[in-house]
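Student: Just dropping this structure here.
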Amino acid sequence: MKTIILILAAIATMSFAMCLDAQGQRLSLPEGQADSRTSLPAQFRVSVEKGIITLRDVNSGKVLGRTTFERWGVVTPTQDKLRHVALDVTAAVVGGNGSRERIVNPLHKVYTVADHKKGKAAYATMTLEHDVAFVLSSDTQTNGRYEALIENRP
């Protein structure tokens, strides 16, 4: 049953994203970065502080990209919006070479793998970009700082 719900949620997200124009959400790639889809690290960390969103490779600590809430159309950053942005920014930089063909459906709530394991959610939210899946493993929010751990699943 959980698998069916996950598949239906993924189909609904992809269908909805096709109706949206995500072309305005381009992010600049770090200098010297070629096709980022060839060699993917397993985990990424998204941190948000004072409206600045930073994406890092967990293994090397290297900054892969930076952007702001304004560029992603976020006015009031709720936990769910932070989760949406974390997944979309990671997929855009790592899987989409700076842009998204699809986005996580803004009408759907985003659940982490940790939520699913604790029984708080029937599924963990996943997004696809160029045949690479990204899932929000866990996230925390402390003293105005948000951090999310994102895993890719080629």
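Here's how to read the names in the structure tokens: chain A, B, ... by the order shown, residue numbers from 1 in each chain, ligand numbers from 1 in the order shown.
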Can you build me a table of region 108-147 of chain A residues sitting at most 12 Å from region 69-86 of chain A, with the closest atom pair per residue and its distance in Å to one decimal, using only C-alpha atoms, sorted by chain and residue number, as JSON lines?

Tutor:
```
{"residue": "A:His108", "atom": "CA", "partner": "A:Asp80", "partner_atom": "CA", "distance": 9.1}
{"residue": "A:Lys109", "atom": "CA", "partner": "A:Asp80", "partner_atom": "CA", "distance": 6.4}
{"residue": "A:Val110", "atom": "CA", "partner": "A:Asp80", "partner_atom": "CA", "distance": 6.1}
{"residue": "A:Tyr111", "atom": "CA", "partner": "A:Arg83", "partner_atom": "CA", "distance": 8.1}
{"residue": "A:Thr112", "atom": "CA", "partner": "A:Arg83", "partner_atom": "CA", "distance": 8.6}
{"residue": "A:Ala124", "atom": "CA", "partner": "A:Arg83", "partner_atom": "CA", "distance": 11.6}
{"residue": "A:Thr125", "atom": "CA", "partner": "A:His84", "partner_atom": "CA", "distance": 9.5}
{"residue": "A:Met126", "atom": "CA", "partner": "A:His84", "partner_atom": "CA", "distance": 10.3}
{"residue": "A:Thr127", "atom": "CA", "partner": "A:His84", "partner_atom": "CA", "distance": 9.9}
{"residue": "A:Phe134", "atom": "CA", "partner": "A:Ala86", "partner_atom": "CA", "distance": 10.1}
{"residue": "A:Val135", "atom": "CA", "partner": "A:Ala86", "partner_atom": "CA", "distance": 9.8}
{"residue": "A:Leu136", "atom": "CA", "partner": "A:Arg83", "partner_atom": "CA", "distance": 7.7}
{"residue": "A:Ser137", "atom": "CA", "partner": "A:Arg83", "partner_atom": "CA", "distance": 10.6}
{"residue": "A:Ser138", "atom": "CA", "partner": "A:Arg83", "partner_atom": "CA", "distance": 9.6}
{"residue": "A:Asp139", "atom": "CA", "partner": "A:Arg83", "partner_atom": "CA", "distance": 8.1}
{"residue": "A:Thr140", "atom": "CA", "partner": "A:Gln79", "partner_atom": "CA", "distance": 9.3}
{"residue": "A:Gln141", "atom": "CA", "partner": "A:Gln79", "partner_atom": "CA", "distance": 8.2}
{"residue": "A:Thr142", "atom": "CA", "partner": "A:Gln79", "partner_atom": "CA", "distance": 11.6}
{"residue": "A:Gly144", "atom": "CA", "partner": "A:Pro77", "partner_atom": "CA", "distance": 10.7}
{"residue": "A:Arg145", "atom": "CA", "partner": "A:Leu82", "partner_atom": "CA", "distance": 10.7}
{"residue": "A:Tyr146", "atom": "CA", "partner": "A:Leu82", "partner_atom": "CA", "distance": 7.7}
{"residue": "A:Glu147", "atom": "CA", "partner": "A:Ala86", "partner_atom": "CA", "distance": 8.7}
```

Student: Using only C-alpha atoms, which protein or nucleic acid residues come within 10 Å of Thr90 (chain A)? Drop anything in the same chain fewer than 6 positions from it, and give the result as a PyMOL selection string.

Tutor: chain A and resi 44-46+54-56+64-65+96+98+100+127+129+134-136+150-152

Student: Mind pulling up the distance from CA of Ala42 (chain A) to CA of Val58 (chain A)?

Tutor: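 We find that CA of Val58 (chain A) and CA of Ala42 (chain A) lie 8.2 Å from each other.
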
Student: One number please: CA of Thr68 (chain A) to CA of Glu49 (chain A), in Å, one decimal.

Tutor: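 The value is 9.8 Å.
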